[in-house]
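Please read the structure below before turning to the comments.
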2 protein chains.
Amino acid sequence: MPKIDILCLCQQYDLRAVFGPGFEAFDDLRLVTPDEVTDPASIRYVLAFRPAAGAFEDLPNVEMICSIGAGVDGLLRHPGLRDDMAVVRMINPQQAEMMAGFAAWYVVGHHREMHRYRALQAERNWQSPAAPRLPSQFPVAVLGYGKMGQAIGRALGAMGYPVTGWASRARSQDGVQVLSSEEGLAQALAQARAVIGVLPLTDATSGFFNAERFAMMRDDAILVQLGRGGHLVEDDLIAALNAGRPALAALDVTQVEPLPRDSVLWSHPKVMLTPHIASDSDGAAIARAVSDSIRAHRAGRQPEGLVDRQRGY
Amino acid sequence: MPKIDILCLCQQYDLRAVFGPGFEAFDDLRLVTPDEVTDPASIRYVLAFRPAAGAFEDLPNVEMICSIGAGVDGLLRHPGLRDDMAVVRMINPQQAEMMAGFAAWYVVGHHREMHRYRALQAERNWQSPAAPRLPSQFPVAVLGYGKMGQAIGRALGAMGYPVTGWASRARSQDGVQVLSSEEGLAQALAQARAVIGVLPLTDATSGFFNAERFAMMRDDAILVQLGRGGHLVEDDLIAALNAGRPALAALDVTQVEPLPRDSVLWSHPKVMLTPHIASDSDGAAIARAVSDSIRAHRAGRQPEGLVDRQRGY
């Protein structure tokens with residue numbers, strides 16, 4: 001039986017090398033690079049993250065595009081995306097857990113003021129806080145409560161932090177109250193000592209973190225923004241931090257990446273930057289997710305990460 | 001009905017003020033300080049952490065001593081402790097979760113090299129790791145797998161870290177393999193990128209972290225020691241760090257606390273110190289645990305945290 005080709009457009013990674021350990025286990029699938037395609041009409045599956053503008057032009061029969069990222073905002077804005085192409089985002093529990101650890105590092109660091117101890121150590125000063133810093137007194141709001149948000153909620157819950165979720169649909173999820181609407185947002189932000197952003201980037205959430213939202217936060221809160229650069233109005237953040245609300249911002253994503261050298265974010269004393277590293281998927285996990293999606297599609301089932309293109313995620 | 005007096009010997013805290021919110025709910029219990037005791041023979045319950053040498057001399061009828069700490073090593077070594085006194089350690093799930101967050105901060109920080117990003121930010125350098133730093137590739141050993149260890153295991157598991165426990169009794173606990181014996185220890189330490197110490201301090205574990213144990217660790221491991229200062233041979237640690245194995249040590253406890261100003265630990269570049277703050281209990285939680293213990297005792301049941309004095313925890 002001939003193998004099913006998956007055209008890999010993620011040229012920023014040597015995905016075939018990375019995929020090896022995963023894809024060798026899938027006898028029926030084969031990853032091909034653009035220069036290996038002899039018959040473009042044969043390509044029905046594409047693996048992509050931020051494909052070039054003309055990437056789909058010569059591929060008349062693409063049925064499904066699998067994103068190697070959890071966010072598909074870049075893919076959905078692609079001018080060559082046709083209505084009959086299914087888009088699937090990466091569902092990788094390990095990636096969500098990795099993001100949970102990253103978020104938790106900032107939450108615990110801010111809550112316990114861990115940076116202070118290096119300075120105290122330099123002074124040979126065995127000074128503890130005046131009162132215990134109990135996690136129960138440090139509520140966390142997780143904005144976006146899909147797979148990523150839920151993993152963050154589970155990890156923070158295991159450390160004793162009271163977690164409130166915020167999402168498009170209000171519900172109780174594994175014991176966490178998930179609020180929705182502007183009223184729910186105001187309620188979550190008014191209490192939170194840490195606000196973690198893992199929203200999908202859609203028309204509705206573009207520019208989400210703006211002056212109005214910062215004004216709803218506590219002045220002792222940290223914003224940990226792990227979604228997309230497009231969520232954040234960077235000028236509003238700088239103004240808000242300068243005005244003292246929120247107290248700190250940790251940004252793993254920026255409007256333009258890599259962040260331009262002349263950005264004021266680099267040198268702002270209340271901004272902590274990381275280069276879009278909060279979470280990642282390894283080749284084996286990508287291979288597993290992609291093969292699951294393709295098999296589901298071929299069997300007439302709905303892949304787990306199938307994107308609702310109207311909703312945008 | 002007269003209230004049952006609980007003599008509070010924890011004079012380092014204003015526990016009555018702290019207790020208020022908790023103890024007001026317990027009509028039958030009353031916290032008294034030593035100067036309020038008119039009839040020492042009436043005292044059957046004592047709340048203590050590290051009581052003074054003669055603390056029990058004038059108290060002929062003490063039946064139970066409740067520790068406000070999770071560790072009772074100091075209490076069990078007390079010269080005035082009589083065989084007929086029950087000793088109960090603090091069982092507080094919130095305290096265990098708090099410790100889990102503290103431990104996780106060091107695990108994630110070391111794993112993701114979080115300190116590097118501040119330096120990169122200062123250089124305006126958007127540089128990410130050459131390969132994703134997956135939690136699945138960063139095994140953690142948790143030495144001591146009681147309530148504290150289990151809470152740490154749960155939190156790290158929720159962040160994708162492979163956890164191996166080590167304790168006096170080998171078992172599988174909530175999906176975590178708990179090893180025992182010297183062979184199990186060698187196996188756990190040989191793999192671990194982070195070694196978290198939450199052992200009880202007993203005759204068997206005194207001086208546990210010594211040259212022999214450090215030689216069993218990886219040279220890229222971090223030791224996160226949250227148990228008791230008595231577990232650690234500080235000179236051996238300094239020699240081991242200087243020899244390059246383990247890579248780092250985070251110590252929340254030291255042989256003498258506060259750590260003397262002339263200790264070499266203060267200035268060692270591979271040592272990170274915190275002043276015994278990893279976890280704590282608030283008054284309400286102490287009140288709840290103590291009242292549970294006293295009620296169990298009065299009803300002829302075994303309090304949850306009852307210490308096996310032979311075993312030492």
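Within each chain, counting starts at residue 1; across the structure tokens, chains are named A, B, ... in the order shown, with ligands numbered 1 upward in that order.
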
>> Could you tell me which residues of chain B sit within 8 Å of chain A when counting only C-alpha atoms, and give me the result as a ChimeraX atom specification?
In response: /B:94,97-102,104-105,108-109,117-118,121-122,124-128,132-135,151,154-156,158-160,258-259,261,266-267,272-277,280-282

Selected residues, N, CA and C atoms, written as a CSV table (one decimal), in the first residue's frame, please.
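Resulting contents of result.csv:
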chain,number,residue,atom,x,y,z
B,94,GLN,N,-2.9,22.1,53.0
B,94,GLN,CA,-2.6,23.4,52.4
B,94,GLN,C,-1.0,23.6,52.5
B,97,GLU,N,0.7,21.6,49.9
B,97,GLU,CA,0.5,22.2,48.6
B,97,GLU,C,1.4,23.5,48.4
B,98,MET,N,1.6,24.2,49.5
B,98,MET,CA,2.5,25.4,49.5
B,98,MET,C,3.9,24.9,49.3
B,99,MET,N,4.3,23.8,49.9
B,99,MET,CA,5.6,23.3,49.7
B,99,MET,C,5.8,22.8,48.3
B,100,ALA,N,4.8,22.3,47.7
B,100,ALA,CA,4.9,21.8,46.3
B,100,ALA,C,5.2,23.0,45.4
B,101,GLY,N,4.5,24.1,45.6
B,101,GLY,CA,4.8,25.2,44.8
B,101,GLY,C,6.2,25.8,44.9
B,102,PHE,N,6.6,25.7,46.1
B,102,PHE,CA,8.0,26.2,46.4
B,102,PHE,C,9.0,25.3,45.7
B,104,ALA,N,8.4,23.4,43.1
B,104,ALA,CA,8.3,23.4,41.7
B,104,ALA,C,9.0,24.7,41.1
B,105,TRP,N,9.0,25.7,41.9
B,105,TRP,CA,9.7,26.9,41.4
B,105,TRP,C,11.2,26.7,41.1
B,108,VAL,N,11.3,24.1,37.9
B,108,VAL,CA,11.0,24.8,36.6
B,108,VAL,C,12.2,25.7,36.3
B,109,GLY,N,12.6,26.5,37.3
B,109,GLY,CA,13.7,27.5,37.1
B,109,GLY,C,14.9,26.8,36.6
B,117,TYR,N,17.1,34.3,31.0
B,117,TYR,CA,16.3,35.2,30.2
B,117,TYR,C,16.4,36.7,30.7
B,118,ARG,N,16.7,36.9,31.9
B,118,ARG,CA,16.9,38.2,32.4
B,118,ARG,C,18.2,38.8,31.7
B,121,GLN,N,17.5,39.4,28.1
B,121,GLN,CA,16.7,40.6,27.9
B,121,GLN,C,17.5,41.9,28.0
B,122,ALA,N,18.5,41.9,29.0
B,122,ALA,CA,19.4,43.0,29.1
B,122,ALA,C,20.2,43.3,27.8
B,124,ARG,N,18.9,42.6,24.9
B,124,ARG,CA,17.9,42.7,23.8
B,124,ARG,C,18.1,41.5,22.8
B,125,ASN,N,18.2,40.4,23.4
B,125,ASN,CA,18.5,39.2,22.6
B,125,ASN,C,17.3,38.2,22.7
B,126,TRP,N,16.6,38.0,21.6
B,126,TRP,CA,15.5,37.1,21.5
B,126,TRP,C,16.0,35.7,21.1
B,127,GLN,N,16.7,35.1,22.0
B,127,GLN,CA,17.3,33.8,21.7
B,127,GLN,C,16.7,32.7,22.5
B,128,SER,N,16.2,31.7,21.8
B,128,SER,CA,15.5,30.6,22.4
B,128,SER,C,16.5,29.4,22.5
B,132,PRO,N,13.7,22.2,22.2
B,132,PRO,CA,12.7,22.4,23.2
B,132,PRO,C,13.1,21.7,24.5
B,133,ARG,N,12.8,22.3,25.6
B,133,ARG,CA,13.2,21.8,26.9
B,133,ARG,C,11.9,21.1,27.5
B,134,LEU,N,11.8,19.8,27.1
B,134,LEU,CA,10.5,19.2,27.5
B,134,LEU,C,10.6,18.6,28.9
B,135,PRO,N,9.6,18.8,29.7
B,135,PRO,CA,9.6,18.3,31.1
B,135,PRO,C,9.8,16.8,31.1
B,151,ALA,N,2.3,15.6,47.7
B,151,ALA,CA,1.8,16.9,47.1
B,151,ALA,C,2.8,17.4,46.1
B,154,ARG,N,2.3,15.3,42.9
B,154,ARG,CA,1.1,15.7,42.2
B,154,ARG,C,1.4,17.0,41.3
B,155,ALA,N,1.9,18.0,42.0
B,155,ALA,CA,2.1,19.2,41.3
B,155,ALA,C,3.1,19.1,40.1
B,156,LEU,N,4.2,18.4,40.4
B,156,LEU,CA,5.2,18.2,39.3
B,156,LEU,C,4.6,17.3,38.2
B,158,ALA,N,1.6,17.3,37.3
B,158,ALA,CA,0.6,18.2,36.5
B,158,ALA,C,1.4,19.1,35.6
B,159,MET,N,2.7,19.2,35.7
B,159,MET,CA,3.5,20.0,34.8
B,159,MET,C,4.4,19.1,33.9
B,160,GLY,N,4.1,17.8,33.9
B,160,GLY,CA,4.7,16.9,32.9
B,160,GLY,C,6.0,16.3,33.3
B,258,PRO,N,18.8,30.8,62.8
B,258,PRO,CA,19.3,31.3,61.5
B,258,PRO,C,20.7,30.9,61.2
B,259,LEU,N,21.0,30.8,59.9
B,259,LEU,CA,22.4,30.4,59.5
B,259,LEU,C,23.4,31.5,60.0
B,261,ARG,N,26.3,34.0,60.4
B,261,ARG,CA,26.8,35.0,59.4
B,261,ARG,C,28.1,34.5,58.8
B,266,TRP,N,26.5,31.1,52.7
B,266,TRP,CA,25.9,32.4,52.3
B,266,TRP,C,26.5,32.8,50.9
B,267,SER,N,27.8,32.6,50.7
B,267,SER,CA,28.5,33.2,49.6
B,267,SER,C,28.8,32.2,48.5
B,272,MET,N,21.7,28.4,46.9
B,272,MET,CA,20.6,29.4,47.0
B,272,MET,C,19.9,29.1,48.3
B,273,LEU,N,19.8,30.2,49.1
B,273,LEU,CA,19.3,30.0,50.5
B,273,LEU,C,18.0,30.7,50.6
B,274,THR,N,17.1,30.1,51.4
B,274,THR,CA,15.9,30.7,51.9
B,274,THR,C,15.7,30.4,53.3
B,275,PRO,N,15.1,31.3,54.1
B,275,PRO,CA,15.1,31.1,55.6
B,275,PRO,C,14.0,30.3,56.1
B,276,HIS,N,14.0,29.0,55.8
B,276,HIS,CA,13.0,28.1,56.3
B,276,HIS,C,11.5,28.6,56.1
B,277,ILE,N,11.2,28.9,54.8
B,277,ILE,CA,9.9,29.5,54.5
B,277,ILE,C,9.2,28.6,53.5
B,280,ASP,N,4.2,26.7,55.3
B,280,ASP,CA,3.8,27.2,56.6
B,280,ASP,C,2.3,26.9,56.8
B,281,SER,N,1.9,26.9,58.0
B,281,SER,CA,0.4,26.8,58.3
B,281,SER,C,-0.1,28.1,58.9
B,282,ASP,N,-1.3,28.4,58.5
B,282,ASP,CA,-1.9,29.5,59.1
B,282,ASP,C,-2.7,29.1,60.3

> Using only C-alpha atoms, which residues sit within 7 Å of region 45-56 of chain A once same-chain residues fewer than 2 positions away are excluded, as a PyMOL selection string?
Replying inline: chain A and resi 6-10+43+58-59+62-69+74-75+78-80

Based on the selection just made, write N, CA, C and O atoms of those residues as an mmCIF file, in the first residue's frame.
data_model
loop_
_atom_site.group_PDB
_atom_site.id
_atom_site.type_symbol
_atom_site.label_atom_id
_atom_site.label_comp_id
_atom_site.auth_asym_id
_atom_site.auth_seq_id
_atom_site.Cartn_x
_atom_site.Cartn_y
_atom_site.Cartn_z
ATOM 1 N N ILE A 6 2.379 13.569 3.681
ATOM 2 C CA ILE A 6 2.014 14.776 4.429
ATOM 3 C C ILE A 6 3.058 15.816 4.062
ATOM 4 O O ILE A 6 4.246 15.633 4.335
ATOM 5 N N LEU A 7 2.618 16.864 3.424
ATOM 6 C CA LEU A 7 3.565 17.899 3.021
ATOM 7 C C LEU A 7 3.892 18.778 4.220
ATOM 8 O O LEU A 7 3.002 19.363 4.842
ATOM 9 N N CYS A 8 5.170 18.861 4.516
ATOM 10 C CA CYS A 8 5.587 19.642 5.684
ATOM 11 C C CYS A 8 6.061 21.021 5.249
ATOM 12 O O CYS A 8 7.069 21.141 4.555
ATOM 13 N N LEU A 9 5.328 22.030 5.656
ATOM 14 C CA LEU A 9 5.703 23.410 5.308
ATOM 15 C C LEU A 9 6.376 24.133 6.483
ATOM 16 O O LEU A 9 6.537 25.344 6.442
ATOM 17 N N CYS A 10 6.710 23.399 7.518
ATOM 18 C CA CYS A 10 7.339 24.016 8.699
ATOM 19 C C CYS A 10 8.842 23.988 8.518
ATOM 20 O O CYS A 10 9.523 23.148 9.088
ATOM 21 N N ILE A 43 -1.316 15.788 -3.004
ATOM 22 C CA ILE A 43 -1.178 16.219 -1.602
ATOM 23 C C ILE A 43 -2.540 16.564 -1.014
ATOM 24 O O ILE A 43 -3.200 17.512 -1.446
ATOM 25 N N ASP A 58 -0.407 25.940 -5.459
ATOM 26 C CA ASP A 58 -0.260 24.835 -6.417
ATOM 27 C C ASP A 58 -0.762 23.515 -5.867
ATOM 28 O O ASP A 58 -0.413 22.460 -6.372
ATOM 29 N N LEU A 59 -1.535 23.584 -4.774
ATOM 30 C CA LEU A 59 -2.001 22.346 -4.142
ATOM 31 C C LEU A 59 -3.527 22.318 -4.212
ATOM 32 O O LEU A 59 -4.211 22.769 -3.303
ATOM 33 N N VAL A 62 -5.845 19.849 -1.273
ATOM 34 C CA VAL A 62 -5.607 19.780 0.166
ATOM 35 C C VAL A 62 -6.932 19.690 0.901
ATOM 36 O O VAL A 62 -7.833 20.505 0.702
ATOM 37 N N GLU A 63 -7.047 18.674 1.740
ATOM 38 C CA GLU A 63 -8.279 18.486 2.508
ATOM 39 C C GLU A 63 -8.129 18.973 3.944
ATOM 40 O O GLU A 63 -9.095 19.394 4.568
ATOM 41 N N MET A 64 -6.909 18.864 4.452
ATOM 42 C CA MET A 64 -6.735 19.193 5.870
ATOM 43 C C MET A 64 -5.344 19.771 6.115
ATOM 44 O O MET A 64 -4.353 19.271 5.582
ATOM 45 N N ILE A 65 -5.322 20.827 6.903
ATOM 46 C CA ILE A 65 -4.055 21.433 7.305
ATOM 47 C C ILE A 65 -3.912 21.255 8.802
ATOM 48 O O ILE A 65 -4.770 21.687 9.576
ATOM 49 N N CYS A 66 -2.839 20.584 9.198
ATOM 50 C CA CYS A 66 -2.571 20.389 10.625
ATOM 51 C C CYS A 66 -1.568 21.431 11.065
ATOM 52 O O CYS A 66 -0.480 21.545 10.489
ATOM 53 N N SER A 67 -1.922 22.182 12.101
ATOM 54 C CA SER A 67 -1.000 23.170 12.645
ATOM 55 C C SER A 67 -0.083 22.482 13.656
ATOM 56 O O SER A 67 -0.534 21.644 14.435
ATOM 57 N N ILE A 68 1.189 22.838 13.644
ATOM 58 C CA ILE A 68 2.037 22.282 14.701
ATOM 59 C C ILE A 68 1.979 23.169 15.943
ATOM 60 O O ILE A 68 2.601 22.877 16.955
ATOM 61 N N GLY A 69 1.212 24.255 15.866
ATOM 62 C CA GLY A 69 1.024 25.095 17.045
ATOM 63 C C GLY A 69 -0.371 24.900 17.612
ATOM 64 O O GLY A 69 -1.294 24.470 16.900
ATOM 65 N N GLY A 74 -2.530 32.493 12.826
ATOM 66 C CA GLY A 74 -1.761 32.790 11.624
ATOM 67 C C GLY A 74 -2.296 32.033 10.421
ATOM 68 O O GLY A 74 -2.458 32.584 9.330
ATOM 69 N N LEU A 75 -2.616 30.786 10.651
ATOM 70 C CA LEU A 75 -3.124 29.932 9.581
ATOM 71 C C LEU A 75 -4.486 30.416 9.077
ATOM 72 O O LEU A 75 -4.740 30.466 7.871
ATOM 73 N N HIS A 78 -4.500 33.209 6.639
ATOM 74 C CA HIS A 78 -3.755 32.975 5.401
ATOM 75 C C HIS A 78 -4.660 33.224 4.193
ATOM 76 O O HIS A 78 -5.757 32.681 4.109
ATOM 77 N N PRO A 79 -4.206 34.048 3.231
ATOM 78 C CA PRO A 79 -5.059 34.407 2.091
ATOM 79 C C PRO A 79 -5.370 33.210 1.196
ATOM 80 O O PRO A 79 -6.374 33.231 0.473
ATOM 81 N N GLY A 80 -4.550 32.176 1.250
ATOM 82 C CA GLY A 80 -4.763 31.037 0.361
ATOM 83 C C GLY A 80 -5.619 29.938 0.974
ATOM 84 O O GLY A 80 -5.819 28.882 0.360
#

>> I need the alpha helix (DSSP H) residues of region 63-137 of chain A per DSSP on the backbone, written as a ChimeraX atom specification.
In response: /A:73-76,93-112,114-122

> Which residues in region 61-177 of chain B does DSSP call strand (DSSP E or B)? List them as a VMD selection string.
Replying inline: chain B and resid 64 to 67 86 to 88 140 to 143 163 to 166 171 to 173 176 to 177

Any chance you could export the current selection's N, CA and C atoms as an mmCIF file, in the first residue's frame?
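Written out: part30.cif:
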data_model
loop_
_atom_site.group_PDB
_atom_site.id
_atom_site.type_symbol
_atom_site.label_atom_id
_atom_site.label_comp_id
_atom_site.auth_asym_id
_atom_site.auth_seq_id
_atom_site.Cartn_x
_atom_site.Cartn_y
_atom_site.Cartn_z
ATOM 1 N N MET B 64 -1.126 14.532 75.421
ATOM 2 C CA MET B 64 -0.833 14.651 73.996
ATOM 3 C C MET B 64 -0.175 15.994 73.698
ATOM 4 N N ILE B 65 0.854 15.943 72.868
ATOM 5 C CA ILE B 65 1.527 17.156 72.416
ATOM 6 C C ILE B 65 1.316 17.260 70.917
ATOM 7 N N CYS B 66 0.714 18.369 70.512
ATOM 8 C CA CYS B 66 0.496 18.609 69.092
ATOM 9 C C CYS B 66 1.586 19.536 68.586
ATOM 10 N N SER B 67 2.298 19.102 67.551
ATOM 11 C CA SER B 67 3.324 19.948 66.947
ATOM 12 C C SER B 67 2.676 20.875 65.939
ATOM 13 N N ALA B 86 1.436 11.207 73.952
ATOM 14 C CA ALA B 86 1.271 11.020 72.511
ATOM 15 C C ALA B 86 1.798 12.268 71.799
ATOM 16 N N VAL B 87 2.464 12.064 70.669
ATOM 17 C CA VAL B 87 2.959 13.189 69.876
ATOM 18 C C VAL B 87 2.247 13.153 68.520
ATOM 19 N N VAL B 88 1.722 14.302 68.145
ATOM 20 C CA VAL B 88 0.983 14.401 66.883
ATOM 21 C C VAL B 88 1.633 15.478 66.022
ATOM 22 N N VAL B 140 12.487 13.899 38.059
ATOM 23 C CA VAL B 140 12.640 14.457 39.397
ATOM 24 C C VAL B 140 12.518 13.332 40.422
ATOM 25 N N ALA B 141 13.417 13.315 41.393
ATOM 26 C CA ALA B 141 13.327 12.369 42.505
ATOM 27 C C ALA B 141 12.839 13.121 43.736
ATOM 28 N N VAL B 142 11.825 12.593 44.380
ATOM 29 C CA VAL B 142 11.303 13.189 45.610
ATOM 30 C C VAL B 142 11.622 12.226 46.751
ATOM 31 N N LEU B 143 12.542 12.635 47.606
ATOM 32 C CA LEU B 143 13.005 11.771 48.689
ATOM 33 C C LEU B 143 12.173 12.068 49.929
ATOM 34 N N VAL B 163 8.146 11.798 37.837
ATOM 35 C CA VAL B 163 8.509 11.816 39.254
ATOM 36 C C VAL B 163 8.749 10.391 39.740
ATOM 37 N N THR B 164 9.845 10.224 40.462
ATOM 38 C CA THR B 164 10.099 8.976 41.182
ATOM 39 C C THR B 164 10.179 9.319 42.664
ATOM 40 N N GLY B 165 9.465 8.576 43.479
ATOM 41 C CA GLY B 165 9.540 8.788 44.913
ATOM 42 C C GLY B 165 10.540 7.853 45.550
ATOM 43 N N TRP B 166 10.954 8.172 46.735
ATOM 44 C CA TRP B 166 11.813 7.270 47.519
ATOM 45 C C TRP B 166 11.372 7.376 48.966
ATOM 46 N N ARG B 171 6.376 1.211 46.790
ATOM 47 C CA ARG B 171 4.977 1.055 46.401
ATOM 48 C C ARG B 171 4.722 1.875 45.138
ATOM 49 N N SER B 172 3.525 1.725 44.612
ATOM 50 C CA SER B 172 3.073 2.629 43.571
ATOM 51 C C SER B 172 2.032 3.524 44.215
ATOM 52 N N GLN B 173 2.239 4.833 44.134
ATOM 53 C CA GLN B 173 1.366 5.768 44.843
ATOM 54 C C GLN B 173 0.810 6.764 43.845
ATOM 55 N N VAL B 176 2.756 7.099 40.787
ATOM 56 C CA VAL B 176 4.187 7.390 40.933
ATOM 57 C C VAL B 176 4.884 6.159 41.529
ATOM 58 N N GLN B 177 5.988 5.774 40.926
ATOM 59 C CA GLN B 177 6.760 4.670 41.488
ATOM 60 C C GLN B 177 7.563 5.173 42.683
#

> Could you pull the residues within 7 Å of Arg30 (chain A), counting only C-alpha atoms, minus those fewer than 4 positions along the same chain, as a list in words?
Replying inline: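 Final neighbour list, sorted by chain and number: Lys3, Ile4, Asp5 and Ile6 of chain A.
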
>> Env of region 224-239 of chain A: 8 Å cut, atoms = only C-alpha atoms, seq-sep filter 2 positions within chain, self excluded. Answer as a ChimeraX atom specification.
In response: /A:103,106,194-201,205-211,214,222,241-243,249-256,265,268,276,278

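Going from CA of Gln310 (chain A) over to CA of Gln187 (chain A), you cover 27.8 Å.
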
>> For a test of reading the model, state the distance in Å between CA of Glu36 (chain A) and CA of Gly283 (chain A), rounded to one decimal.
In response: 20.1 Å

>> Between A:Ala70, A:Leu185, A:Met217, A:Ala192, which residue has the minimum interatomic distance to Phe138 (chain A), considering only C-alpha atoms?
In response: A:Ala192

> If you count only C-alpha atoms, which residues fall within 10 Å of Asp220 (chain B), apart from same-chain ones fewer than 5 positions away, as a PyMOL selection string?
Replying inline: chain B and resi 110-111+192-194+244-248
